[in-house]
>>> print(open('query_18.txt').read())   # compact mmCIF, C-alpha atoms
# COMPACT_ATOMS: atom_id res chain seq x y z
CA LEU A 297 0.00 0.00 0.00
CA ALA A 298 2.96 2.32 0.52
CA SER A 299 4.32 1.83 -3.03
CA PRO A 300 3.85 4.62 -5.55
CA ALA A 301 1.54 4.08 -8.51
CA SER A 302 4.43 4.02 -10.99
CA VAL A 303 6.05 1.02 -9.21
CA ILE A 304 2.74 -0.85 -9.10
CA ALA A 305 2.17 -0.11 -12.81
CA ALA A 306 5.69 -1.34 -13.69
CA ASN A 307 5.16 -4.56 -11.71
CA TYR A 308 1.80 -5.15 -13.42
CA LYS A 309 3.34 -4.48 -16.83
CA ALA A 310 6.13 -7.01 -16.17
CA ARG A 311 3.56 -9.55 -14.96
CA TRP A 312 1.41 -8.95 -18.03
CA GLY A 313 4.36 -9.80 -20.30
CA ILE A 314 4.78 -13.10 -18.48
CA GLU A 315 1.03 -13.80 -18.79
CA LEU A 316 1.15 -13.15 -22.53
CA PHE A 317 4.18 -15.42 -22.90
CA PHE A 318 2.43 -18.32 -21.18
CA LYS A 319 -0.74 -17.71 -23.20
CA TRP A 320 1.34 -17.90 -26.40
CA LEU A 321 3.10 -20.99 -25.07
CA LYS A 322 -0.21 -22.75 -24.45
CA GLN A 323 -1.71 -21.78 -27.79
CA ASN A 324 1.25 -22.37 -30.09
CA LEU A 325 3.34 -25.04 -28.41
CA SER A 326 0.59 -27.08 -26.76
CA VAL A 327 2.21 -26.88 -23.33
CA ARG A 328 -0.93 -27.29 -21.24
CA THR A 329 0.57 -28.70 -18.08
CA PHE A 330 4.09 -28.99 -16.81
CA LEU A 331 5.48 -32.46 -16.26
CA GLY A 332 7.61 -31.47 -13.27
CA ARG A 333 7.23 -29.05 -10.43
CA SER A 334 10.78 -27.90 -9.95
CA GLU A 335 12.10 -24.76 -11.58
CA ASN A 336 14.56 -26.82 -13.61
CA ALA A 337 11.84 -29.16 -14.93
CA VAL A 338 9.68 -26.23 -16.04
CA LYS A 339 12.63 -24.52 -17.73
CA ILE A 340 13.60 -27.70 -19.56
CA GLN A 341 10.05 -28.26 -20.80
CA ILE A 342 9.77 -24.65 -22.01
CA PHE A 343 13.18 -24.77 -23.72
CA VAL A 344 12.38 -28.06 -25.45
CA ALA A 345 9.06 -26.65 -26.68
CA LEU A 346 10.75 -23.46 -27.93
CA ILE A 347 13.55 -25.36 -29.67
CA THR A 348 11.01 -27.64 -31.33
CA TYR A 349 9.00 -24.62 -32.47
CA LEU A 350 12.09 -22.88 -33.85
CA LEU A 351 13.26 -25.99 -35.71
CA LEU A 352 9.80 -26.39 -37.20
CA GLN A 353 9.81 -22.71 -38.16
CA ILE A 354 13.19 -23.12 -39.91
CA GLN A 355 12.03 -26.28 -41.69
CA HIS A 356 8.78 -24.61 -42.75
CA ALA A 357 10.60 -21.51 -44.06
CA GLY A 358 13.03 -23.68 -46.04
CA SER A 359 10.37 -25.84 -47.63
CA ALA A 360 8.08 -24.93 -50.48
CA ALA A 361 5.03 -25.77 -48.39
CA VAL A 362 1.98 -23.67 -49.00
CA SER A 363 0.29 -24.77 -45.79
CA SER A 364 0.46 -22.80 -42.59
CA LEU A 365 2.90 -23.46 -39.79
CA ARG A 366 0.03 -24.81 -37.67
CA CYS A 367 -0.80 -27.39 -40.37
CA SER A 368 2.86 -28.42 -40.48
CA LEU A 369 2.86 -28.83 -36.72
CA THR A 370 -0.29 -30.97 -36.90
CA GLU A 371 1.28 -33.17 -39.59
CA LEU A 372 4.42 -33.53 -37.49
CA ARG A 373 2.41 -34.60 -34.44
CA ALA A 374 0.43 -37.13 -36.46
CA GLY A 375 3.55 -38.53 -38.07
CA LEU A 376 5.45 -38.94 -34.83
CA PHE A 377 3.15 -41.66 -33.60
CA GLN A 378 2.85 -43.65 -36.80
CA ARG A 379 4.97 -46.69 -37.40
CA LYS A 380 7.12 -46.34 -40.45
CA GLU A 381 7.46 -49.67 -42.24
CA THR A 382 9.28 -50.50 -45.37
CA ASP A 383 7.61 -52.42 -48.16
CA HIS A 384 9.71 -55.45 -47.27
CA GLN A 385 8.52 -55.39 -43.66
CA LEU A 386 4.90 -55.07 -44.77
CA LEU A 387 5.30 -58.01 -47.14
CA GLN A 388 6.85 -60.16 -44.39
CA ARG A 389 4.01 -59.31 -42.01
CA ARG A 390 1.37 -60.18 -44.62
CA GLN A 391 3.12 -63.46 -45.39
CA ARG A 392 3.22 -64.40 -41.68
CA ARG A 393 -0.50 -63.62 -41.33
CA GLN A 394 -1.29 -65.67 -44.42
CA LEU A 395 0.78 -68.59 -43.11
CA ILE A 396 -1.00 -68.48 -39.74
CA TRP A 397 -4.39 -68.25 -41.48
CA THR A 398 -3.53 -71.22 -43.72
CA ARG A 399 -2.43 -73.31 -40.74
CA MET A 400 -5.60 -72.43 -38.85
CA GLN A 401 -7.75 -73.42 -41.80
CA GLY A 402 -5.92 -76.77 -42.12
CA ALA A 403 -6.40 -77.54 -38.40
CA LEU A 404 -10.16 -77.11 -38.50
CA PRO A 405 -12.23 -80.15 -39.50
CA LEU A 406 -14.67 -79.59 -42.37
>>> encode(input="query_18.txt", output="structure tokens")
Amino acid sequence: LASPASVIAANYKARWGIELFFKWLKQNLSVRTFLGRSENAVKIQIFVALITYLLLQIQHAGSAAVSSLRCSLTELRAGLFQRKETDHQLLQRRQRRQLIWTRMQGALPL
């Protein structure tokens, strides 16, 4: 209560910058919750999110993609959790399934 108005305004302005940063972080980097509670854990999670965003920004600027950065980020997220198989691996898996199916059919009496 004893602080002058200019000090209170400066503190609020500094706090508002932090609020805007975390709002941007939540909207653009999908950091909704922090995985750790320590200062170090929060810093690491923020830095990893920022580095990922910057790398994606560099990749997007270097590519001839017409889509937006948000679309590129969505494609990246979708692609991260998909299993990449070669044609040879797919063929082997189909052959194993066919062999199992054939053996099952032969074991059943008609």
>>> closest_residue(input="query_18.txt", among="A:His356, A:Gln341, A:Gln394, A:Leu321", to="Leu372 of chain A", atoms="all atoms listed in the file")
A:His356
>>> axis_aligned_box(input="query_18.txt", around="segment 332-337 of chain A", padding_each_side="5 Å", output="lines of an AutoDock Vina configuration file")
center_x = 10.9
center_y = -28.1
center_z = -12.4
size_x = 17.3
size_y = 16.7
size_z = 15.0
>>> atom_distance(input="query_18.txt", atom1="atom CA of Leu351 of chain A", atom2="atom CA of Val338 of chain A")
20.0 Å
>>> atom_distance(input="query_18.txt", atom1="atom CA of Arg366 of chain A", atom2="atom CA of Gly332 of chain A")
26.4 Å
>>> closest_residue(input="query_18.txt", among="A:Lys339, A:Arg392, A:Lys309, A:Arg373", to="Ser326 of chain A", atoms="all atoms listed in the file")
A:Arg373
>>> atom_distance(input="query_18.txt", atom1="atom CA of Leu346 of chain A", atom2="atom CA of Val327 of chain A")
10.3 Å
>>> residues_around(input="query_18.txt", residues="Ser364 of chain A", least_positions_apart="6", cutoff="12 Å", atoms="only C-alpha atoms", output="JSON, numbers by chain")
{"A": [352, 353, 356, 357, 370, 371]}
>>> decode(input="query_18.txt", residues="segment 344-357 of chain A", atoms="all heavy atoms", output="PDB file, in the first residue's frame")
ATOM      1  N   VAL A 344      12.598 -27.015 -24.444  1.00  0.00           N
ATOM      2  CA  VAL A 344      12.380 -28.062 -25.450  1.00  0.00           C
ATOM      3  C   VAL A 344      11.252 -27.653 -26.393  1.00  0.00           C
ATOM      4  O   VAL A 344      11.355 -27.817 -27.615  1.00  0.00           O
ATOM      5  CB  VAL A 344      12.092 -29.421 -24.772  1.00  0.00           C
ATOM      6  CG1 VAL A 344      11.545 -30.427 -25.764  1.00  0.00           C
ATOM      7  CG2 VAL A 344      13.334 -29.959 -24.106  1.00  0.00           C
ATOM      8  N   ALA A 345      10.178 -27.094 -25.845  1.00  0.00           N
ATOM      9  CA  ALA A 345       9.061 -26.649 -26.683  1.00  0.00           C
ATOM     10  C   ALA A 345       9.506 -25.518 -27.610  1.00  0.00           C
ATOM     11  O   ALA A 345       9.164 -25.513 -28.801  1.00  0.00           O
ATOM     12  CB  ALA A 345       7.896 -26.205 -25.805  1.00  0.00           C
ATOM     13  N   LEU A 346      10.282 -24.572 -27.093  1.00  0.00           N
ATOM     14  CA  LEU A 346      10.751 -23.461 -27.930  1.00  0.00           C
ATOM     15  C   LEU A 346      11.708 -23.936 -29.017  1.00  0.00           C
ATOM     16  O   LEU A 346      11.624 -23.487 -30.172  1.00  0.00           O
ATOM     17  CB  LEU A 346      11.431 -22.397 -27.061  1.00  0.00           C
ATOM     18  CG  LEU A 346      10.495 -21.549 -26.196  1.00  0.00           C
ATOM     19  CD1 LEU A 346      11.299 -20.676 -25.247  1.00  0.00           C
ATOM     20  CD2 LEU A 346       9.592 -20.700 -27.069  1.00  0.00           C
ATOM     21  N   ILE A 347      12.616 -24.831 -28.672  1.00  0.00           N
ATOM     22  CA  ILE A 347      13.555 -25.362 -29.665  1.00  0.00           C
ATOM     23  C   ILE A 347      12.802 -26.119 -30.757  1.00  0.00           C
ATOM     24  O   ILE A 347      13.087 -25.966 -31.947  1.00  0.00           O
ATOM     25  CB  ILE A 347      14.607 -26.258 -28.989  1.00  0.00           C
ATOM     26  CG1 ILE A 347      15.563 -25.396 -28.157  1.00  0.00           C
ATOM     27  CG2 ILE A 347      15.385 -27.080 -30.018  1.00  0.00           C
ATOM     28  CD1 ILE A 347      16.455 -26.190 -27.228  1.00  0.00           C
ATOM     29  N   THR A 348      11.822 -26.911 -30.356  1.00  0.00           N
ATOM     30  CA  THR A 348      11.009 -27.638 -31.332  1.00  0.00           C
ATOM     31  C   THR A 348      10.292 -26.669 -32.254  1.00  0.00           C
ATOM     32  O   THR A 348      10.258 -26.852 -33.476  1.00  0.00           O
ATOM     33  CB  THR A 348       9.994 -28.543 -30.611  1.00  0.00           C
ATOM     34  OG1 THR A 348      10.689 -29.415 -29.737  1.00  0.00           O
ATOM     35  CG2 THR A 348       9.168 -29.338 -31.592  1.00  0.00           C
ATOM     36  N   TYR A 349       9.715 -25.627 -31.676  1.00  0.00           N
ATOM     37  CA  TYR A 349       9.003 -24.624 -32.467  1.00  0.00           C
ATOM     38  C   TYR A 349       9.955 -23.935 -33.449  1.00  0.00           C
ATOM     39  O   TYR A 349       9.617 -23.754 -34.621  1.00  0.00           O
ATOM     40  CB  TYR A 349       8.350 -23.600 -31.543  1.00  0.00           C
ATOM     41  CG  TYR A 349       7.597 -22.525 -32.275  1.00  0.00           C
ATOM     42  CD1 TYR A 349       6.328 -22.760 -32.804  1.00  0.00           C
ATOM     43  CD2 TYR A 349       8.148 -21.268 -32.459  1.00  0.00           C
ATOM     44  CE1 TYR A 349       5.639 -21.777 -33.483  1.00  0.00           C
ATOM     45  CE2 TYR A 349       7.471 -20.277 -33.139  1.00  0.00           C
ATOM     46  CZ  TYR A 349       6.212 -20.541 -33.639  1.00  0.00           C
ATOM     47  OH  TYR A 349       5.529 -19.562 -34.325  1.00  0.00           O
ATOM     48  N   LEU A 350      11.137 -23.556 -32.979  1.00  0.00           N
ATOM     49  CA  LEU A 350      12.090 -22.876 -33.850  1.00  0.00           C
ATOM     50  C   LEU A 350      12.583 -23.785 -34.973  1.00  0.00           C
ATOM     51  O   LEU A 350      12.725 -23.339 -36.117  1.00  0.00           O
ATOM     52  CB  LEU A 350      13.267 -22.345 -33.031  1.00  0.00           C
ATOM     53  CG  LEU A 350      12.929 -21.175 -32.103  1.00  0.00           C
ATOM     54  CD1 LEU A 350      14.124 -20.839 -31.227  1.00  0.00           C
ATOM     55  CD2 LEU A 350      12.468 -19.966 -32.889  1.00  0.00           C
ATOM     56  N   LEU A 351      12.849 -25.050 -34.653  1.00  0.00           N
ATOM     57  CA  LEU A 351      13.259 -25.993 -35.711  1.00  0.00           C
ATOM     58  C   LEU A 351      12.158 -26.178 -36.739  1.00  0.00           C
ATOM     59  O   LEU A 351      12.423 -26.249 -37.945  1.00  0.00           O
ATOM     60  CB  LEU A 351      13.651 -27.336 -35.093  1.00  0.00           C
ATOM     61  CG  LEU A 351      14.977 -27.356 -34.335  1.00  0.00           C
ATOM     62  CD1 LEU A 351      15.150 -28.699 -33.625  1.00  0.00           C
ATOM     63  CD2 LEU A 351      16.133 -27.083 -35.266  1.00  0.00           C
ATOM     64  N   LEU A 352      10.926 -26.265 -36.280  1.00  0.00           N
ATOM     65  CA  LEU A 352       9.802 -26.394 -37.205  1.00  0.00           C
ATOM     66  C   LEU A 352       9.663 -25.132 -38.052  1.00  0.00           C
ATOM     67  O   LEU A 352       9.391 -25.213 -39.251  1.00  0.00           O
ATOM     68  CB  LEU A 352       8.511 -26.677 -36.449  1.00  0.00           C
ATOM     69  CG  LEU A 352       7.282 -26.913 -37.307  1.00  0.00           C
ATOM     70  CD1 LEU A 352       7.465 -28.162 -38.163  1.00  0.00           C
ATOM     71  CD2 LEU A 352       6.049 -27.054 -36.441  1.00  0.00           C
ATOM     72  N   GLN A 353       9.877 -23.976 -37.431  1.00  0.00           N
ATOM     73  CA  GLN A 353       9.806 -22.710 -38.157  1.00  0.00           C
ATOM     74  C   GLN A 353      10.879 -22.661 -39.254  1.00  0.00           C
ATOM     75  O   GLN A 353      10.604 -22.254 -40.381  1.00  0.00           O
ATOM     76  CB  GLN A 353      10.008 -21.553 -37.170  1.00  0.00           C
ATOM     77  CG  GLN A 353       9.850 -20.192 -37.767  1.00  0.00           C
ATOM     78  CD  GLN A 353       8.410 -19.747 -37.835  1.00  0.00           C
ATOM     79  OE1 GLN A 353       7.499 -20.498 -37.566  1.00  0.00           O
ATOM     80  NE2 GLN A 353       8.199 -18.511 -38.226  1.00  0.00           N
ATOM     81  N   ILE A 354      12.094 -23.097 -38.925  1.00  0.00           N
ATOM     82  CA  ILE A 354      13.189 -23.120 -39.907  1.00  0.00           C
ATOM     83  C   ILE A 354      12.867 -24.090 -41.037  1.00  0.00           C
ATOM     84  O   ILE A 354      13.055 -23.786 -42.216  1.00  0.00           O
ATOM     85  CB  ILE A 354      14.516 -23.487 -39.214  1.00  0.00           C
ATOM     86  CG1 ILE A 354      14.968 -22.351 -38.299  1.00  0.00           C
ATOM     87  CG2 ILE A 354      15.595 -23.817 -40.238  1.00  0.00           C
ATOM     88  CD1 ILE A 354      16.102 -22.733 -37.374  1.00  0.00           C
ATOM     89  N   GLN A 355      12.370 -25.274 -40.679  1.00  0.00           N
ATOM     90  CA  GLN A 355      12.026 -26.275 -41.694  1.00  0.00           C
ATOM     91  C   GLN A 355      10.903 -25.769 -42.585  1.00  0.00           C
ATOM     92  O   GLN A 355      10.934 -25.935 -43.800  1.00  0.00           O
ATOM     93  CB  GLN A 355      11.625 -27.590 -41.008  1.00  0.00           C
ATOM     94  CG  GLN A 355      11.351 -28.738 -41.949  1.00  0.00           C
ATOM     95  CD  GLN A 355       9.914 -28.835 -42.410  1.00  0.00           C
ATOM     96  OE1 GLN A 355       8.998 -28.366 -41.740  1.00  0.00           O
ATOM     97  NE2 GLN A 355       9.717 -29.443 -43.557  1.00  0.00           N
ATOM     98  N   HIS A 356       9.920 -25.111 -41.987  1.00  0.00           N
ATOM     99  CA  HIS A 356       8.779 -24.608 -42.749  1.00  0.00           C
ATOM    100  C   HIS A 356       9.219 -23.490 -43.697  1.00  0.00           C
ATOM    101  O   HIS A 356       8.771 -23.421 -44.843  1.00  0.00           O
ATOM    102  CB  HIS A 356       7.695 -24.104 -41.796  1.00  0.00           C
ATOM    103  CG  HIS A 356       6.448 -23.652 -42.493  1.00  0.00           C
ATOM    104  ND1 HIS A 356       5.577 -24.533 -43.086  1.00  0.00           N
ATOM    105  CD2 HIS A 356       5.934 -22.431 -42.711  1.00  0.00           C
ATOM    106  CE1 HIS A 356       4.579 -23.863 -43.626  1.00  0.00           C
ATOM    107  NE2 HIS A 356       4.773 -22.573 -43.410  1.00  0.00           N
ATOM    108  N   ALA A 357      10.116 -22.611 -43.226  1.00  0.00           N
ATOM    109  CA  ALA A 357      10.596 -21.514 -44.064  1.00  0.00           C
ATOM    110  C   ALA A 357      11.450 -22.039 -45.220  1.00  0.00           C
ATOM    111  O   ALA A 357      11.432 -21.476 -46.313  1.00  0.00           O
ATOM    112  CB  ALA A 357      11.402 -20.535 -43.215  1.00  0.00           C
TER     113      ALA A 357
END
